[in-house]
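Here is the file entry04.cif (mmCIF, N, CA and C atoms).
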data_upload
#
loop_
_atom_site.label_atom_id
_atom_site.label_comp_id
_atom_site.auth_asym_id
_atom_site.auth_seq_id
_atom_site.Cartn_x
_atom_site.Cartn_y
_atom_site.Cartn_z
N MET Z 1 1.64 25.92 -9.56
CA MET Z 1 0.75 24.79 -9.75
C MET Z 1 -0.27 25.11 -10.82
N GLU Z 2 -0.38 24.25 -11.75
CA GLU Z 2 -1.33 24.42 -12.85
C GLU Z 2 -2.61 23.66 -12.53
N CYS Z 3 -3.76 24.31 -12.58
CA CYS Z 3 -5.03 23.68 -12.28
C CYS Z 3 -5.55 22.99 -13.53
N ILE Z 4 -5.91 21.72 -13.38
CA ILE Z 4 -6.41 20.94 -14.49
C ILE Z 4 -7.94 21.01 -14.55
N GLY Z 5 -8.60 20.85 -13.41
CA GLY Z 5 -10.04 20.96 -13.35
C GLY Z 5 -10.81 19.75 -13.85
N SER Z 6 -10.17 18.64 -14.05
CA SER Z 6 -10.84 17.43 -14.51
C SER Z 6 -11.56 16.76 -13.34
N ALA Z 7 -12.81 16.30 -13.59
CA ALA Z 7 -13.57 15.65 -12.53
C ALA Z 7 -14.53 14.64 -13.13
N ALA Z 8 -14.81 13.61 -12.37
CA ALA Z 8 -15.81 12.62 -12.74
C ALA Z 8 -16.66 12.32 -11.51
N LEU Z 9 -17.97 12.18 -11.71
CA LEU Z 9 -18.89 11.90 -10.62
C LEU Z 9 -19.80 10.75 -11.06
N HIS Z 10 -19.89 9.73 -10.21
CA HIS Z 10 -20.71 8.55 -10.50
C HIS Z 10 -21.60 8.28 -9.30
N ALA Z 11 -22.89 8.11 -9.53
CA ALA Z 11 -23.84 7.79 -8.46
C ALA Z 11 -24.63 6.55 -8.87
N SER Z 12 -25.02 5.76 -7.87
CA SER Z 12 -25.87 4.61 -8.15
C SER Z 12 -26.78 4.35 -6.96
N TYR Z 13 -27.95 3.79 -7.26
CA TYR Z 13 -28.91 3.40 -6.24
C TYR Z 13 -29.52 2.08 -6.67
N SER Z 14 -29.71 1.19 -5.72
CA SER Z 14 -30.41 -0.05 -6.04
C SER Z 14 -31.43 -0.35 -4.95
N HIS Z 15 -32.55 -0.89 -5.39
CA HIS Z 15 -33.63 -1.34 -4.50
C HIS Z 15 -33.84 -2.81 -4.80
N LEU Z 16 -33.71 -3.65 -3.79
CA LEU Z 16 -33.83 -5.08 -3.96
C LEU Z 16 -34.99 -5.58 -3.11
N GLN Z 17 -35.91 -6.27 -3.75
CA GLN Z 17 -37.02 -6.88 -3.03
C GLN Z 17 -37.12 -8.33 -3.48
N VAL Z 18 -36.91 -9.23 -2.54
CA VAL Z 18 -36.93 -10.66 -2.83
C VAL Z 18 -38.24 -11.24 -2.32
N ARG Z 19 -38.93 -11.96 -3.19
CA ARG Z 19 -40.17 -12.64 -2.79
C ARG Z 19 -40.03 -14.12 -3.12
N ASN Z 20 -40.20 -14.94 -2.12
CA ASN Z 20 -40.11 -16.38 -2.29
C ASN Z 20 -41.47 -17.00 -2.00
N ARG Z 21 -41.83 -18.01 -2.76
CA ARG Z 21 -43.05 -18.77 -2.47
C ARG Z 21 -42.62 -19.99 -1.66
N VAL Z 22 -43.08 -20.03 -0.42
CA VAL Z 22 -42.73 -21.14 0.47
C VAL Z 22 -44.00 -21.64 1.14
N PRO Z 23 -43.96 -22.85 1.65
CA PRO Z 23 -45.14 -23.38 2.35
C PRO Z 23 -45.50 -22.53 3.57
N LEU Z 24 -46.78 -22.51 3.91
CA LEU Z 24 -47.27 -21.75 5.06
C LEU Z 24 -46.51 -22.14 6.32
N GLY Z 25 -46.11 -21.16 7.10
CA GLY Z 25 -45.40 -21.41 8.34
C GLY Z 25 -43.89 -21.41 8.22
N HIS Z 26 -43.37 -21.26 7.01
CA HIS Z 26 -41.93 -21.20 6.80
C HIS Z 26 -41.50 -19.76 6.53
N GLU Z 27 -40.24 -19.49 6.78
CA GLU Z 27 -39.72 -18.14 6.55
C GLU Z 27 -39.67 -17.85 5.05
N ALA Z 28 -40.20 -16.70 4.65
CA ALA Z 28 -40.27 -16.35 3.23
C ALA Z 28 -39.06 -15.57 2.75
N GLU Z 29 -38.41 -14.85 3.63
CA GLU Z 29 -37.27 -14.03 3.22
C GLU Z 29 -36.24 -14.04 4.33
N SER Z 30 -34.98 -14.25 3.99
CA SER Z 30 -33.94 -14.34 5.01
C SER Z 30 -33.55 -12.98 5.56
N GLY Z 31 -33.71 -11.92 4.76
CA GLY Z 31 -33.25 -10.60 5.21
C GLY Z 31 -31.74 -10.50 5.16
N GLY Z 32 -31.12 -11.33 4.32
CA GLY Z 32 -29.66 -11.33 4.22
C GLY Z 32 -29.10 -10.42 3.15
N ASP Z 33 -29.97 -9.67 2.48
CA ASP Z 33 -29.53 -8.72 1.45
C ASP Z 33 -30.09 -7.34 1.77
N PRO Z 34 -29.30 -6.29 1.54
CA PRO Z 34 -29.81 -4.94 1.82
C PRO Z 34 -30.90 -4.55 0.81
N LYS Z 35 -31.98 -3.97 1.31
CA LYS Z 35 -33.06 -3.53 0.43
C LYS Z 35 -32.64 -2.29 -0.36
N HIS Z 36 -31.91 -1.39 0.29
CA HIS Z 36 -31.47 -0.15 -0.36
C HIS Z 36 -29.94 -0.04 -0.29
N GLN Z 37 -29.34 0.37 -1.40
CA GLN Z 37 -27.91 0.68 -1.45
C GLN Z 37 -27.73 1.93 -2.29
N PHE Z 38 -26.85 2.82 -1.82
CA PHE Z 38 -26.57 4.05 -2.54
C PHE Z 38 -25.06 4.27 -2.52
N THR Z 39 -24.48 4.60 -3.67
CA THR Z 39 -23.06 4.93 -3.72
C THR Z 39 -22.86 6.22 -4.49
N LEU Z 40 -21.83 6.95 -4.11
CA LEU Z 40 -21.43 8.17 -4.79
C LEU Z 40 -19.91 8.16 -4.85
N ARG Z 41 -19.38 8.26 -6.06
CA ARG Z 41 -17.93 8.22 -6.27
C ARG Z 41 -17.51 9.41 -7.10
N THR Z 42 -16.42 10.04 -6.69
CA THR Z 42 -15.88 11.15 -7.46
C THR Z 42 -14.37 10.99 -7.62
N GLN Z 43 -13.89 11.41 -8.77
CA GLN Z 43 -12.45 11.40 -9.07
C GLN Z 43 -12.10 12.79 -9.58
N LEU Z 44 -11.19 13.45 -8.87
CA LEU Z 44 -10.82 14.82 -9.21
C LEU Z 44 -9.33 14.93 -9.47
N ASP Z 45 -8.97 15.66 -10.52
CA ASP Z 45 -7.58 16.06 -10.72
C ASP Z 45 -7.47 17.47 -10.17
N LEU Z 46 -6.89 17.59 -8.97
CA LEU Z 46 -6.82 18.90 -8.30
C LEU Z 46 -5.87 19.85 -9.02
N VAL Z 47 -4.69 19.36 -9.30
CA VAL Z 47 -3.68 20.09 -10.08
C VAL Z 47 -3.03 19.07 -11.01
N LYS Z 48 -2.05 19.50 -11.75
CA LYS Z 48 -1.46 18.66 -12.80
C LYS Z 48 -1.12 17.24 -12.35
N ASN Z 49 -0.54 17.06 -11.18
CA ASN Z 49 -0.10 15.73 -10.76
C ASN Z 49 -0.65 15.31 -9.38
N VAL Z 50 -1.79 15.88 -8.98
CA VAL Z 50 -2.41 15.53 -7.71
C VAL Z 50 -3.87 15.12 -7.95
N GLU Z 51 -4.24 13.95 -7.43
CA GLU Z 51 -5.59 13.41 -7.60
C GLU Z 51 -6.25 13.21 -6.25
N LEU Z 52 -7.57 13.39 -6.21
CA LEU Z 52 -8.37 13.11 -5.02
C LEU Z 52 -9.55 12.25 -5.45
N ASP Z 53 -9.70 11.09 -4.83
CA ASP Z 53 -10.81 10.19 -5.08
C ASP Z 53 -11.61 10.05 -3.79
N ALA Z 54 -12.94 10.03 -3.90
CA ALA Z 54 -13.81 9.84 -2.74
C ALA Z 54 -14.88 8.81 -3.12
N PHE Z 55 -15.22 7.95 -2.16
CA PHE Z 55 -16.21 6.91 -2.39
C PHE Z 55 -17.09 6.80 -1.14
N PHE Z 56 -18.37 7.23 -1.26
CA PHE Z 56 -19.33 7.18 -0.17
C PHE Z 56 -20.33 6.05 -0.44
N ARG Z 57 -20.68 5.30 0.61
CA ARG Z 57 -21.66 4.22 0.48
C ARG Z 57 -22.65 4.27 1.63
N HIS Z 58 -23.93 4.04 1.30
CA HIS Z 58 -24.95 3.78 2.32
C HIS Z 58 -25.50 2.39 2.01
N ILE Z 59 -25.45 1.52 2.99
CA ILE Z 59 -25.96 0.16 2.85
C ILE Z 59 -27.04 -0.05 3.90
N ASP Z 60 -28.21 -0.48 3.46
CA ASP Z 60 -29.35 -0.68 4.34
C ASP Z 60 -29.12 -1.87 5.28
N LYS Z 61 -29.91 -1.94 6.31
CA LYS Z 61 -29.80 -3.01 7.31
C LYS Z 61 -30.07 -4.37 6.69
N LEU Z 62 -29.59 -5.41 7.38
CA LEU Z 62 -29.86 -6.80 7.01
C LEU Z 62 -30.65 -7.40 8.18
N PRO Z 63 -31.97 -7.24 8.16
CA PRO Z 63 -32.76 -7.64 9.33
C PRO Z 63 -32.66 -9.11 9.67
N GLY Z 64 -32.54 -9.98 8.68
CA GLY Z 64 -32.43 -11.42 8.96
C GLY Z 64 -31.14 -11.79 9.64
N LEU Z 65 -30.11 -10.96 9.50
CA LEU Z 65 -28.80 -11.23 10.11
C LEU Z 65 -28.52 -10.32 11.30
N LYS Z 66 -29.48 -9.43 11.61
CA LYS Z 66 -29.34 -8.46 12.71
C LYS Z 66 -28.11 -7.57 12.52
N VAL Z 67 -27.94 -7.08 11.27
CA VAL Z 67 -26.85 -6.16 10.95
C VAL Z 67 -27.48 -4.80 10.66
N ALA Z 68 -27.01 -3.77 11.35
CA ALA Z 68 -27.54 -2.42 11.19
C ALA Z 68 -27.07 -1.80 9.88
N SER Z 69 -27.82 -0.81 9.40
CA SER Z 69 -27.38 -0.07 8.22
C SER Z 69 -26.12 0.73 8.58
N TYR Z 70 -25.36 1.11 7.55
CA TYR Z 70 -24.16 1.90 7.82
C TYR Z 70 -23.85 2.77 6.61
N GLN Z 71 -23.07 3.81 6.88
CA GLN Z 71 -22.53 4.69 5.85
C GLN Z 71 -21.02 4.73 6.06
N THR Z 72 -20.31 4.80 4.96
CA THR Z 72 -18.86 4.85 5.07
C THR Z 72 -18.28 5.70 3.94
N LEU Z 73 -17.07 6.16 4.15
CA LEU Z 73 -16.39 7.02 3.20
C LEU Z 73 -14.94 6.59 3.08
N ASP Z 74 -14.48 6.41 1.83
CA ASP Z 74 -13.07 6.13 1.55
C ASP Z 74 -12.52 7.32 0.77
N LEU Z 75 -11.30 7.72 1.08
CA LEU Z 75 -10.62 8.82 0.38
C LEU Z 75 -9.23 8.40 -0.04
N ARG Z 76 -8.77 8.94 -1.17
CA ARG Z 76 -7.40 8.70 -1.65
C ARG Z 76 -6.86 10.02 -2.18
N LEU Z 77 -5.72 10.44 -1.67
CA LEU Z 77 -5.02 11.62 -2.15
C LEU Z 77 -3.68 11.14 -2.71
N ALA Z 78 -3.46 11.40 -4.00
CA ALA Z 78 -2.26 10.87 -4.66
C ALA Z 78 -1.47 11.98 -5.34
N TRP Z 79 -0.16 11.87 -5.23
CA TRP Z 79 0.77 12.78 -5.91
C TRP Z 79 1.60 11.94 -6.86
N LYS Z 80 1.68 12.38 -8.12
CA LYS Z 80 2.44 11.66 -9.14
C LYS Z 80 3.57 12.57 -9.64
N PRO Z 81 4.73 12.50 -8.99
CA PRO Z 81 5.84 13.35 -9.41
C PRO Z 81 6.37 12.99 -10.80
N LYS Z 82 6.21 11.71 -11.20
CA LYS Z 82 6.59 11.23 -12.53
C LYS Z 82 5.46 10.34 -13.03
N SER Z 83 5.40 10.09 -14.32
CA SER Z 83 4.30 9.30 -14.88
C SER Z 83 4.26 7.86 -14.36
N ASN Z 84 5.39 7.32 -13.92
CA ASN Z 84 5.44 5.94 -13.43
C ASN Z 84 5.54 5.83 -11.91
N MET Z 85 5.38 6.95 -11.20
CA MET Z 85 5.57 6.97 -9.75
C MET Z 85 4.37 7.64 -9.08
N GLU Z 86 3.91 7.02 -7.97
CA GLU Z 86 2.79 7.59 -7.23
C GLU Z 86 3.01 7.43 -5.74
N LEU Z 87 2.75 8.48 -4.99
CA LEU Z 87 2.77 8.48 -3.53
C LEU Z 87 1.37 8.87 -3.09
N SER Z 88 0.71 8.01 -2.30
CA SER Z 88 -0.67 8.30 -1.92
C SER Z 88 -0.94 8.01 -0.45
N VAL Z 89 -1.95 8.70 0.06
CA VAL Z 89 -2.48 8.48 1.40
C VAL Z 89 -3.93 8.05 1.21
N ILE Z 90 -4.31 6.96 1.87
CA ILE Z 90 -5.62 6.37 1.68
C ILE Z 90 -6.29 6.19 3.04
N GLY Z 91 -7.54 6.61 3.13
CA GLY Z 91 -8.34 6.41 4.33
C GLY Z 91 -9.56 5.58 3.97
N GLN Z 92 -9.83 4.55 4.76
CA GLN Z 92 -10.98 3.68 4.51
C GLN Z 92 -11.90 3.65 5.72
N ASN Z 93 -13.20 3.63 5.46
CA ASN Z 93 -14.22 3.56 6.52
C ASN Z 93 -14.05 4.72 7.50
N LEU Z 94 -13.99 5.93 6.98
CA LEU Z 94 -13.63 7.09 7.79
C LEU Z 94 -14.76 7.67 8.64
N LEU Z 95 -15.99 7.28 8.43
CA LEU Z 95 -17.10 7.90 9.16
C LEU Z 95 -17.36 7.32 10.54
N GLN Z 96 -16.83 6.15 10.84
CA GLN Z 96 -16.96 5.57 12.17
C GLN Z 96 -15.76 4.67 12.42
N SER Z 97 -15.53 4.32 13.68
CA SER Z 97 -14.35 3.52 14.01
C SER Z 97 -14.45 2.09 13.49
N HIS Z 98 -15.68 1.57 13.36
CA HIS Z 98 -15.89 0.22 12.83
C HIS Z 98 -17.37 0.05 12.49
N HIS Z 99 -17.66 -0.95 11.68
CA HIS Z 99 -19.05 -1.32 11.38
C HIS Z 99 -19.09 -2.79 10.97
N GLN Z 100 -20.26 -3.38 11.15
CA GLN Z 100 -20.46 -4.77 10.78
C GLN Z 100 -21.12 -4.82 9.41
N GLU Z 101 -20.61 -5.64 8.51
CA GLU Z 101 -21.17 -5.76 7.17
C GLU Z 101 -21.99 -7.04 6.97
N PHE Z 102 -21.75 -8.04 7.77
CA PHE Z 102 -22.49 -9.30 7.65
C PHE Z 102 -22.37 -10.06 8.96
N ALA Z 103 -23.13 -11.12 9.07
CA ALA Z 103 -23.05 -12.01 10.24
C ALA Z 103 -23.15 -13.43 9.74
N PRO Z 104 -22.37 -14.33 10.31
CA PRO Z 104 -22.43 -15.73 9.86
C PRO Z 104 -23.80 -16.34 10.17
N GLU Z 105 -24.33 -17.11 9.21
CA GLU Z 105 -25.64 -17.74 9.40
C GLU Z 105 -25.53 -19.19 9.85
N LEU Z 106 -24.66 -19.95 9.22
CA LEU Z 106 -24.62 -21.39 9.46
C LEU Z 106 -23.71 -21.79 10.62
N ILE Z 107 -22.54 -21.18 10.68
CA ILE Z 107 -21.57 -21.52 11.71
C ILE Z 107 -21.55 -20.41 12.75
N PRO Z 108 -21.82 -20.72 14.02
CA PRO Z 108 -21.89 -19.68 15.05
C PRO Z 108 -20.50 -19.14 15.42
N THR Z 109 -20.01 -18.19 14.62
CA THR Z 109 -18.73 -17.54 14.90
C THR Z 109 -18.99 -16.07 15.18
N MET Z 110 -17.97 -15.38 15.63
CA MET Z 110 -18.09 -13.95 15.94
C MET Z 110 -18.25 -13.16 14.64
N PRO Z 111 -19.18 -12.20 14.61
CA PRO Z 111 -19.30 -11.33 13.43
C PRO Z 111 -18.03 -10.50 13.24
N VAL Z 112 -17.71 -10.22 12.00
CA VAL Z 112 -16.52 -9.44 11.68
C VAL Z 112 -16.86 -7.96 11.71
N GLN Z 113 -16.02 -7.17 12.36
CA GLN Z 113 -16.17 -5.73 12.39
C GLN Z 113 -15.14 -5.12 11.44
N ILE Z 114 -15.60 -4.32 10.49
CA ILE Z 114 -14.71 -3.66 9.54
C ILE Z 114 -14.18 -2.40 10.20
N GLN Z 115 -12.88 -2.30 10.35
CA GLN Z 115 -12.24 -1.20 11.07
C GLN Z 115 -11.90 -0.04 10.14
N ARG Z 116 -11.80 1.14 10.72
CA ARG Z 116 -11.28 2.31 10.02
C ARG Z 116 -9.79 2.09 9.77
N GLY Z 117 -9.28 2.58 8.66
CA GLY Z 117 -7.87 2.43 8.37
C GLY Z 117 -7.33 3.61 7.58
N VAL Z 118 -6.11 3.98 7.87
CA VAL Z 118 -5.40 5.02 7.13
C VAL Z 118 -4.00 4.49 6.87
N PHE Z 119 -3.57 4.58 5.61
CA PHE Z 119 -2.24 4.08 5.29
C PHE Z 119 -1.67 4.82 4.10
N GLY Z 120 -0.37 4.69 3.90
CA GLY Z 120 0.31 5.29 2.77
C GLY Z 120 0.74 4.21 1.79
N ARG Z 121 0.90 4.61 0.54
CA ARG Z 121 1.32 3.65 -0.49
C ARG Z 121 2.27 4.34 -1.46
N PHE Z 122 3.31 3.63 -1.82
CA PHE Z 122 4.26 4.10 -2.84
C PHE Z 122 4.20 3.10 -3.99
N THR Z 123 3.96 3.58 -5.21
CA THR Z 123 3.88 2.72 -6.39
C THR Z 123 4.89 3.17 -7.42
N LEU Z 124 5.66 2.23 -7.93
CA LEU Z 124 6.61 2.49 -9.00
C LEU Z 124 6.34 1.49 -10.11
N ARG Z 125 6.00 1.97 -11.29
CA ARG Z 125 5.71 1.10 -12.43
C ARG Z 125 6.87 1.13 -13.42
N PHE Z 126 7.27 -0.04 -13.85
CA PHE Z 126 8.36 -0.12 -14.86
C PHE Z 126 8.17 -1.32 -15.73
#

Please, can you express the file's structure as structure tokens?
Amino acid sequence: MECIGSAALHASYSHLQVRNRVPLGHEAESGGDPKHQFTLRTQLDLVKNVELDAFFRHIDKLPGLKVASYQTLDLRLAWKPKSNMELSVIGQNLLQSHHQEFAPELIPTMPVQIQRGVFGRFTLRF
């Protein structure tokens, strides 16, 4: 196995503060957007034809929607035996079994829970 050593690292942070001018006695902010978000993404070439990608996210709570903050991690391990062929294993939301990302505001329906998932993928390009 020949080691390539190629890597890329990307980080981002955002701070969101919404201020609305509304009449006295009315709600000024819905709390429907996260105040803090942080992401960290890396792409590594482990060896000549094997790649590892990781994507970590921290999303702050949504107090107006009663959604808790969460952290999650996605991973992808891919083997490319030929330039047009890829076999990969992908894991999504690996840090907990599920988390809520939003809650419906207008229509009273059940909030969606994002589940952990692991799956394989075969890609052939021609």

Take atom N of Gln17 of chain Z and atom CA of Leu65 of chain Z and report the distance between them in Å, one decimal. 16.3 Å

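Across the structure, atom CA of Ser83 of chain Z and atom CA of Ala8 of chain Z are spaced 20.5 Å apart.
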
Quick one: residues within 7 Å of Asp74 of chain Z, all atoms listed in the file counted, chain neighbours fewer than 4 positions away excluded, as a compact mmCIF listing (two decimals) with N, CA and C atoms, in the coordinates of the input?
# COMPACT_ATOMS: atom_id res chain seq x y z
N ASP Z 53 -9.70 11.09 -4.83
CA ASP Z 53 -10.81 10.19 -5.08
C ASP Z 53 -11.61 10.05 -3.79
N ALA Z 54 -12.94 10.03 -3.90
CA ALA Z 54 -13.81 9.84 -2.74
C ALA Z 54 -14.88 8.81 -3.12
N PHE Z 55 -15.22 7.95 -2.16
CA PHE Z 55 -16.21 6.91 -2.39
C PHE Z 55 -17.09 6.80 -1.14
N PHE Z 56 -18.37 7.23 -1.26
CA PHE Z 56 -19.33 7.18 -0.17
C PHE Z 56 -20.33 6.05 -0.44
N ARG Z 57 -20.68 5.30 0.61
CA ARG Z 57 -21.66 4.22 0.48
C ARG Z 57 -22.65 4.27 1.63
N ILE Z 90 -4.31 6.96 1.87
CA ILE Z 90 -5.62 6.37 1.68
C ILE Z 90 -6.29 6.19 3.04
N GLY Z 91 -7.54 6.61 3.13
CA GLY Z 91 -8.34 6.41 4.33
C GLY Z 91 -9.56 5.58 3.97
N GLN Z 92 -9.83 4.55 4.76
CA GLN Z 92 -10.98 3.68 4.51
C GLN Z 92 -11.90 3.65 5.72
N ASN Z 93 -13.20 3.63 5.46
CA ASN Z 93 -14.22 3.56 6.52
C ASN Z 93 -14.05 4.72 7.50
N LEU Z 94 -13.99 5.93 6.98
CA LEU Z 94 -13.63 7.09 7.79
C LEU Z 94 -14.76 7.67 8.64
N LEU Z 95 -15.99 7.28 8.43
CA LEU Z 95 -17.10 7.90 9.16
C LEU Z 95 -17.36 7.32 10.54

All residues 8 Å or closer to His99 of chain Z, only C-alpha atoms, same chain fewer than 3 positions away omitted, as a PyMOL selection string: chain Z and resi 70+96+113-115

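Among Z:Leu77, Z:His10, Z:Leu62, Z:Val50, the residue with the shortest atom-to-atom distance to Lys35 of chain Z, counting only N, CA and C atoms, is Z:Leu62.
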
For the provided coordinates, the residues matched by the PyMOL selection byres ((chain Z and resi 61) around 8) should be stated as a PyMOL selection string. chain Z and resi 31-36+58-60+62-70

Save out the residues we just selected, N, CA and C atoms, as a PDB file, in the coordinates of the input.
ATOM      1  N   GLY Z  31     -33.710 -11.920   4.760  1.00  0.00           N
ATOM      2  CA  GLY Z  31     -33.250 -10.600   5.210  1.00  0.00           C
ATOM      3  C   GLY Z  31     -31.740 -10.500   5.160  1.00  0.00           C
ATOM      4  N   GLY Z  32     -31.120 -11.330   4.320  1.00  0.00           N
ATOM      5  CA  GLY Z  32     -29.660 -11.330   4.220  1.00  0.00           C
ATOM      6  C   GLY Z  32     -29.100 -10.420   3.150  1.00  0.00           C
ATOM      7  N   ASP Z  33     -29.970  -9.670   2.480  1.00  0.00           N
ATOM      8  CA  ASP Z  33     -29.530  -8.720   1.450  1.00  0.00           C
ATOM      9  C   ASP Z  33     -30.090  -7.340   1.770  1.00  0.00           C
ATOM     10  N   PRO Z  34     -29.300  -6.290   1.540  1.00  0.00           N
ATOM     11  CA  PRO Z  34     -29.810  -4.940   1.820  1.00  0.00           C
ATOM     12  C   PRO Z  34     -30.900  -4.550   0.810  1.00  0.00           C
ATOM     13  N   LYS Z  35     -31.980  -3.970   1.310  1.00  0.00           N
ATOM     14  CA  LYS Z  35     -33.060  -3.530   0.430  1.00  0.00           C
ATOM     15  C   LYS Z  35     -32.640  -2.290  -0.360  1.00  0.00           C
ATOM     16  N   HIS Z  36     -31.910  -1.390   0.290  1.00  0.00           N
ATOM     17  CA  HIS Z  36     -31.470  -0.150  -0.360  1.00  0.00           C
ATOM     18  C   HIS Z  36     -29.940  -0.040  -0.290  1.00  0.00           C
ATOM     19  N   HIS Z  58     -23.930   4.040   1.300  1.00  0.00           N
ATOM     20  CA  HIS Z  58     -24.950   3.780   2.320  1.00  0.00           C
ATOM     21  C   HIS Z  58     -25.500   2.390   2.010  1.00  0.00           C
ATOM     22  N   ILE Z  59     -25.450   1.520   2.990  1.00  0.00           N
ATOM     23  CA  ILE Z  59     -25.960   0.160   2.850  1.00  0.00           C
ATOM     24  C   ILE Z  59     -27.040  -0.050   3.900  1.00  0.00           C
ATOM     25  N   ASP Z  60     -28.210  -0.480   3.460  1.00  0.00           N
ATOM     26  CA  ASP Z  60     -29.350  -0.680   4.340  1.00  0.00           C
ATOM     27  C   ASP Z  60     -29.120  -1.870   5.280  1.00  0.00           C
ATOM     28  N   LEU Z  62     -29.590  -5.410   7.380  1.00  0.00           N
ATOM     29  CA  LEU Z  62     -29.860  -6.800   7.010  1.00  0.00           C
ATOM     30  C   LEU Z  62     -30.650  -7.400   8.180  1.00  0.00           C
ATOM     31  N   PRO Z  63     -31.970  -7.240   8.160  1.00  0.00           N
ATOM     32  CA  PRO Z  63     -32.760  -7.640   9.330  1.00  0.00           C
ATOM     33  C   PRO Z  63     -32.660  -9.110   9.670  1.00  0.00           C
ATOM     34  N   GLY Z  64     -32.540  -9.980   8.680  1.00  0.00           N
ATOM     35  CA  GLY Z  64     -32.430 -11.420   8.960  1.00  0.00           C
ATOM     36  C   GLY Z  64     -31.140 -11.790   9.640  1.00  0.00           C
ATOM     37  N   LEU Z  65     -30.110 -10.960   9.500  1.00  0.00           N
ATOM     38  CA  LEU Z  65     -28.800 -11.230  10.110  1.00  0.00           C
ATOM     39  C   LEU Z  65     -28.520 -10.320  11.300  1.00  0.00           C
ATOM     40  N   LYS Z  66     -29.480  -9.430  11.610  1.00  0.00           N
ATOM     41  CA  LYS Z  66     -29.340  -8.460  12.710  1.00  0.00           C
ATOM     42  C   LYS Z  66     -28.110  -7.570  12.520  1.00  0.00           C
ATOM     43  N   VAL Z  67     -27.940  -7.080  11.270  1.00  0.00           N
ATOM     44  CA  VAL Z  67     -26.850  -6.160  10.950  1.00  0.00           C
ATOM     45  C   VAL Z  67     -27.480  -4.800  10.660  1.00  0.00           C
ATOM     46  N   ALA Z  68     -27.010  -3.770  11.350  1.00  0.00           N
ATOM     47  CA  ALA Z  68     -27.540  -2.420  11.190  1.00  0.00           C
ATOM     48  C   ALA Z  68     -27.070  -1.800   9.880  1.00  0.00           C
ATOM     49  N   SER Z  69     -27.820  -0.810   9.400  1.00  0.00           N
ATOM     50  CA  SER Z  69     -27.380  -0.070   8.220  1.00  0.00           C
ATOM     51  C   SER Z  69     -26.120   0.730   8.580  1.00  0.00           C
ATOM     52  N   TYR Z  70     -25.360   1.110   7.550  1.00  0.00           N
ATOM     53  CA  TYR Z  70     -24.160   1.900   7.820  1.00  0.00           C
ATOM     54  C   TYR Z  70     -23.850   2.770   6.610  1.00  0.00           C
TER      55      TYR Z  70
END

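Residue nearest Leu73 of chain Z within the list Z:Met85, Z:Leu52, Z:Ala103, Z:Leu40: Z:Leu40 [criterion: smallest interatomic distance, only C-alpha atoms].
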
Using DSSP secondary structure from the backbone, list all strand (DSSP E or B) positions within chain Z, as a VMD selection string. chain Z and resid 7 to 15 36 to 47 50 to 59 62 67 70 to 82 85 to 92 98 to 100 113 to 115 117 to 124

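Across the structure, atom CA of Phe38 of chain Z and atom CA of Val18 of chain Z are spaced 18.0 Å apart.
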
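Counting only N, CA and C atoms and comparing Z:Arg116, Z:His15, Z:Arg41, Z:Arg125, the residue that lies closest to Ser97 of chain Z is Z:Arg116.
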